[in-house]
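S.K.: So here's my_file-v9.txt, just compact mmCIF, C-alpha atoms:
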# COMPACT_ATOMS: atom_id res chain seq x y z
CA MET A 1 92.06 89.01 97.67
CA GLY A 2 91.71 91.69 100.30
CA ASN A 3 93.77 94.86 100.50
CA GLU A 4 95.26 93.82 103.86
CA MET A 5 97.88 91.09 104.07
CA SER A 6 100.28 89.57 106.54
CA CYS A 7 103.69 89.62 104.90
CA LYS A 8 107.40 90.27 105.34
CA VAL A 9 108.83 93.66 104.40
CA ARG A 10 112.42 94.77 103.83
CA PHE A 11 113.27 98.45 104.03
CA GLY A 12 116.95 99.41 104.01
CA LYS A 13 118.59 97.23 106.66
CA GLN A 14 115.31 96.56 108.45
CA GLU A 15 113.22 93.45 107.92
CA SER A 16 110.03 92.47 109.71
CA ASP A 17 106.87 90.40 109.54
CA GLY A 18 103.71 92.43 109.91
CA LYS A 19 100.59 93.68 108.18
CA ALA A 20 100.54 95.58 104.90
CA LEU A 21 97.49 97.65 104.03
CA LEU A 22 96.77 99.01 100.56
CA GLU A 23 94.73 102.19 100.91
CA THR A 24 93.26 104.44 98.21
CA SER A 25 96.35 106.62 97.85
CA GLU A 26 99.02 105.05 100.06
CA ILE A 27 100.45 101.77 101.27
CA LEU A 28 100.98 101.18 105.01
CA PHE A 29 103.00 98.60 106.91
CA ARG A 30 102.91 97.81 110.63
CA GLY A 31 105.50 95.46 112.08
CA ASP A 32 108.72 95.97 114.10
CA PHE A 33 108.89 99.20 112.11
CA ARG A 34 106.19 101.21 110.36
CA LEU A 35 105.94 102.54 106.84
CA LYS A 36 103.55 104.97 105.21
CA ILE A 37 104.22 105.38 101.51
CA PRO A 38 101.89 107.75 99.60
CA PHE A 39 101.57 106.70 95.95
CA SER A 40 102.62 110.23 94.95
CA THR A 41 106.08 109.68 96.52
CA ILE A 42 106.82 106.37 94.75
CA LYS A 43 109.61 106.91 92.18
CA SER A 44 109.27 103.48 90.60
CA ALA A 45 107.34 100.27 91.23
CA LYS A 46 107.89 96.68 90.12
CA ALA A 47 106.27 93.33 90.82
CA VAL A 48 108.93 90.59 90.56
CA ASP A 49 108.80 86.97 91.80
CA GLY A 50 106.02 87.65 94.29
CA GLU A 51 107.67 90.82 95.59
CA LEU A 52 106.31 94.34 95.29
CA ARG A 53 109.33 96.65 95.07
CA LEU A 54 108.71 100.33 95.68
CA GLN A 55 111.51 102.85 95.24
CA THR A 56 110.95 105.85 97.49
CA ALA A 57 113.03 108.92 98.34
CA GLU A 58 114.00 107.18 101.61
CA GLY A 59 115.00 103.92 99.94
CA LEU A 60 113.67 100.66 98.52
CA ALA A 61 110.71 98.98 100.24
CA VAL A 62 110.16 95.32 99.32
CA PHE A 63 106.83 93.72 100.21
CA GLN A 64 106.77 89.91 99.98
CA LEU A 65 103.16 89.45 98.85
CA GLY A 66 103.29 86.30 96.73
CA ALA A 67 100.49 86.10 94.15
CA ALA A 68 99.04 89.44 95.32
CA ALA A 69 102.17 91.42 94.32
CA GLU A 70 100.99 91.88 90.72
CA LYS A 71 97.48 92.97 91.80
CA TRP A 72 98.81 95.50 94.29
CA TYR A 73 101.22 96.82 91.68
CA GLU A 74 98.31 97.38 89.26
CA LYS A 75 96.25 99.16 91.93
CA ILE A 76 99.17 101.46 92.75
CA LEU A 77 99.78 102.29 89.07
CA HIS A 78 96.08 102.63 88.20
CA PRO A 79 94.16 103.58 91.33
CA LYS A 80 90.37 103.59 90.94
CA SER A 81 88.58 106.91 91.12
CA ARG A 82 86.21 107.52 94.02
CA ILE A 83 83.14 107.11 91.77
CA GLU A 84 84.51 103.80 90.40
CA LYS A 85 85.00 102.49 93.94
CA LEU A 86 81.48 103.55 94.93
CA GLY A 87 80.06 101.89 91.81
CA VAL A 88 77.80 104.73 90.63
CA LYS A 89 77.13 104.63 86.88
CA HIS A 90 76.25 107.35 84.35
CA GLY A 91 72.62 108.40 84.55
CA ALA A 92 72.03 106.67 87.91
CA ARG A 93 69.24 107.94 90.17
CA VAL A 94 70.96 109.37 93.25
CA SER A 95 69.71 110.86 96.53
CA LEU A 96 72.02 112.94 98.74
CA LEU A 97 71.39 113.46 102.46
CA GLY A 98 73.47 115.51 104.88
CA ASP A 99 76.62 117.56 104.44
CA LEU A 100 78.65 115.84 101.68
CA ASP A 101 81.86 117.46 100.43
CA ALA A 102 81.73 119.81 97.44
CA GLY A 103 84.18 117.73 95.39
CA PHE A 104 81.93 114.70 95.64
CA LEU A 105 78.81 116.71 94.74
CA ALA A 106 80.64 117.94 91.62
CA GLU A 107 81.60 114.35 90.67
CA ILE A 108 77.98 113.21 91.03
CA GLY A 109 76.79 116.24 89.05
CA LYS A 110 79.01 115.25 86.09
CA LEU A 111 77.72 111.69 86.22
CA THR A 112 73.96 112.16 86.39
CA LYS A 113 71.27 114.82 86.27
CA SER A 114 68.90 112.61 88.29
CA VAL A 115 69.89 113.90 91.75
CA SER A 116 67.61 114.49 94.73
CA LYS A 117 69.02 116.58 97.60
CA SER A 118 67.85 116.49 101.23
CA LYS A 119 65.14 113.91 100.52
CA ILE A 120 65.08 110.41 99.06
CA ALA A 121 63.56 110.11 95.58
CA ALA A 122 61.12 107.19 95.28
CA ASP A 123 63.16 105.44 92.59
CA SER A 124 66.65 106.04 94.02
CA GLU A 125 69.33 103.48 93.09
CA TRP A 126 72.01 105.12 95.25
CA ILE A 127 71.60 106.98 98.53
CA PHE A 128 74.52 108.85 100.09
CA PHE A 129 74.01 109.78 103.73
CA ALA A 130 76.57 111.91 105.60
CA ALA A 131 76.59 111.01 109.31
CA ASP A 132 78.83 113.18 111.47
CA SER A 133 77.69 111.83 114.84
CA LYS A 134 75.91 108.87 116.44
CA GLU A 135 72.81 111.06 116.73
CA ASP A 136 72.68 111.42 112.93
CA LEU A 137 72.40 107.62 112.65
CA GLY A 138 68.97 107.83 114.29
CA GLY A 139 67.51 108.65 110.88
CA LEU A 140 68.50 105.29 109.41
CA SER A 141 65.24 103.41 110.03
CA LYS A 142 63.36 106.05 108.01
CA ILE A 143 65.94 105.82 105.20
CA SER A 144 65.86 102.00 105.12
CA LYS A 145 62.04 102.02 104.83
CA SER A 146 62.27 104.16 101.70
CA MET A 147 64.76 101.81 100.00
CA LYS A 148 63.48 99.42 97.34
CA GLY A 149 64.94 96.36 95.63
CA ALA A 150 68.68 96.56 94.94
CA ALA A 151 69.02 100.19 96.06
CA ALA A 152 72.30 100.84 97.87
CA LEU A 153 72.92 103.13 100.83
CA TRP A 154 76.42 104.54 101.42
CA ILE A 155 76.90 105.99 104.90
CA VAL A 156 79.77 108.49 104.86
CA TYR A 157 81.31 109.21 108.26
CA PRO A 158 84.52 110.75 109.70
CA LYS A 159 87.39 108.30 110.09
CA GLY A 160 89.45 107.91 113.26
CA GLN A 161 86.92 109.65 115.53
CA LYS A 162 85.69 108.50 118.94
CA HIS A 163 82.25 110.15 118.71
CA ILE A 164 81.27 108.00 115.69
CA THR A 165 83.08 104.75 114.87
CA GLU A 166 82.75 102.01 112.27
CA ASN A 167 81.08 99.83 114.90
CA ASP A 168 78.48 102.55 115.56
CA VAL A 169 77.67 102.75 111.84
CA LEU A 170 77.54 98.95 111.40
CA ALA A 171 75.28 98.53 114.45
CA ALA A 172 72.89 101.27 113.30
CA GLY A 173 72.69 99.85 109.76
CA ARG A 174 71.97 96.34 111.02
CA LYS A 175 69.40 97.64 113.51
CA ALA A 176 67.63 99.28 110.56
CA GLY A 177 67.43 95.85 108.90
CA LEU A 178 70.21 96.41 106.36
CA LYS A 179 73.22 94.29 105.43
CA ASP A 180 76.72 95.80 105.19
CA VAL A 181 78.54 94.68 102.05
CA LYS A 182 81.50 96.98 101.39
CA VAL A 183 83.75 99.66 102.87
CA VAL A 184 85.85 102.20 100.95
CA GLY A 185 88.06 105.15 101.76
CA PHE A 186 85.81 108.06 100.75
CA SER A 187 88.37 110.82 101.27
CA ALA A 188 91.40 111.67 103.40
CA THR A 189 89.02 112.36 106.30
CA HIS A 190 86.01 110.11 105.68
CA THR A 191 85.10 106.45 105.23
CA ALA A 192 82.02 105.09 103.43
CA LEU A 193 80.14 101.89 104.35
CA LYS A 194 77.71 100.34 101.87
CA PHE A 195 74.43 98.79 102.99
CA VAL A 196 71.73 96.96 101.03
CA ILE A 197 68.39 95.33 101.79
CA PRO A 198 69.05 91.61 102.50
CA LEU A 199 68.06 89.42 99.51
CA SER A 200 65.46 87.59 101.61
CA LYS A 201 63.59 90.87 102.21
CA ARG A 202 63.54 92.30 98.69
Translate the structure of the given file into structure tokens.
M.R.:
Amino acid sequence: MGNEMSCKVRFGKQESDGKALLETSEILFRGDFRLKIPFSTIKSAKAVDGELRLQTAEGLAVFQLGAAAEKWYEKILHPKSRIEKLGVKHGARVSLLGDLDAGFLAEIGKLTKSVSKSKIAADSEWIFFAADSKEDLGGLSKISKSMKGAAALWIVYPKGQKHITENDVLAAGRKAGLKDVKVVGFSATHTALKFVIPLSKR
């Protein structure tokens, strides 16, 4: 079940069909009206009869999600941490390339001592590559050649920018012979796309 669904939403006297999107720290709705509800502003949440009911300061928002209501409710109550979403485990061998935010570096530092900065360690299981522009993506073929087996590459890039878009990142990853398998919200300003070596080439 994805975190984007077509559904009907009631909010006050308004009701509309549209798309609901469950993000890392907020829920969005786009229809005849728009909603943006940060988890931090939700006063209470319930999943009842296929409806996700969120009480906010502005009123009650009811999302008709069917079977997904319970799952969304759980994700709102117990959001995954960034490290959980990225899948990095304790003691993992990690390589860090580019200008990654200090908070993330601290999270990785608590998780593992096996960290290589500015170059890829030969036995890396996880590679994090910060790409701030299309030009940065030029280094991908070199990175992909140094990947082995089930190693994963997360490309972290600014969200909502014209100078580097999701399509740019996807195209560059595929051109380097990699397969995109997952996308997560990395931070309020950045998105991360996960790439792996296709099974047929391992």
S.K.: Can you tell me, as a PDB file with C-alpha atoms, keeping the file's coordinate frame, what residues are no more than 12 Å from Ser200 (chain A) when counting all atoms listed in the file, ignoring any on the same chain fewer than 5 positions away?
M.R.:
ATOM      1  CA  GLY A 149      64.940  96.360  95.630  1.00  0.00           C
ATOM      2  CA  ALA A 150      68.680  96.560  94.940  1.00  0.00           C
ATOM      3  CA  GLY A 177      67.430  95.850 108.900  1.00  0.00           C
ATOM      4  CA  LEU A 178      70.210  96.410 106.360  1.00  0.00           C
ATOM      5  CA  LYS A 179      73.220  94.290 105.430  1.00  0.00           C
TER       6      LYS A 179
END
S.K.: Name the residues in contact with Cys7 (chain A) at a cut-off of 8 Å, using all atoms listed in the file, excluding same-chain residues fewer than 4 positions from it; report them as a VMD selection string.
M.R.: chain A and resid 17 to 20 63 to 65
S.K.: With C-alpha atoms retained, export the selected residues as an mmCIF file, in the coordinates of the input.
M.R.:
data_model
loop_
_atom_site.group_PDB
_atom_site.id
_atom_site.type_symbol
_atom_site.label_atom_id
_atom_site.label_comp_id
_atom_site.auth_asym_id
_atom_site.auth_seq_id
_atom_site.Cartn_x
_atom_site.Cartn_y
_atom_site.Cartn_z
ATOM 1 C CA ASP A 17 106.870 90.400 109.540
ATOM 2 C CA GLY A 18 103.710 92.430 109.910
ATOM 3 C CA LYS A 19 100.590 93.680 108.180
ATOM 4 C CA ALA A 20 100.540 95.580 104.900
ATOM 5 C CA PHE A 63 106.830 93.720 100.210
ATOM 6 C CA GLN A 64 106.770 89.910 99.980
ATOM 7 C CA LEU A 65 103.160 89.450 98.850
#
S.K.: For Ala45 (chain A), which residue among A:His190, A:Lys182, A:His78, A:Lys13 is the nearest when counting only C-alpha atoms?
M.R.: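 So, comparing all the options, the nearest one is A:His78.
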S.K.: What is the CA of Gly103 (chain A)-CA of Leu153 (chain A) distance in Å, reported with one decimal?
M.R.: 19.2 Å
S.K.: Using only C-alpha atoms for the distances, tell me which of A:Val9, A:Leu199, A:Ala92, A:Leu105 is nearest to Arg53 (chain A).
M.R.: A:Val9
S.K.: Tell me which of A:Asn3, A:Thr24, A:Ser81, A:Thr112 sits closest to Trp126 (chain A), counting only C-alpha atoms.
M.R.: A:Thr112
S.K.: Need the axis-aligned box for region 33-50 of chain A with 3 Å each side, so what are the centre and edges in Å to one decimal, as lines of an AutoDock Vina configuration file?
M.R.:
center_x = 105.6
center_y = 98.6
center_z = 101.1
size_x = 14.0
size_y = 29.3
size_z = 28.0
S.K.: I'd like the interatomic distance between CA of Ser118 (chain A) and CA of Ile143 (chain A), to a tenth of an Å.
M.R.: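 So the answer is 11.5 Å.
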S.K.: Give the answer as one residue: which of A:Gly160, A:Pro198, A:Gly31, A:Gly98 has the shortest atom-to-atom distance to Val181 (chain A), using all atoms listed in the file?
M.R.: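 Ranking A:Gly160, A:Pro198, A:Gly31, A:Gly98 by distance to Val181 (chain A), first place goes to A:Pro198.
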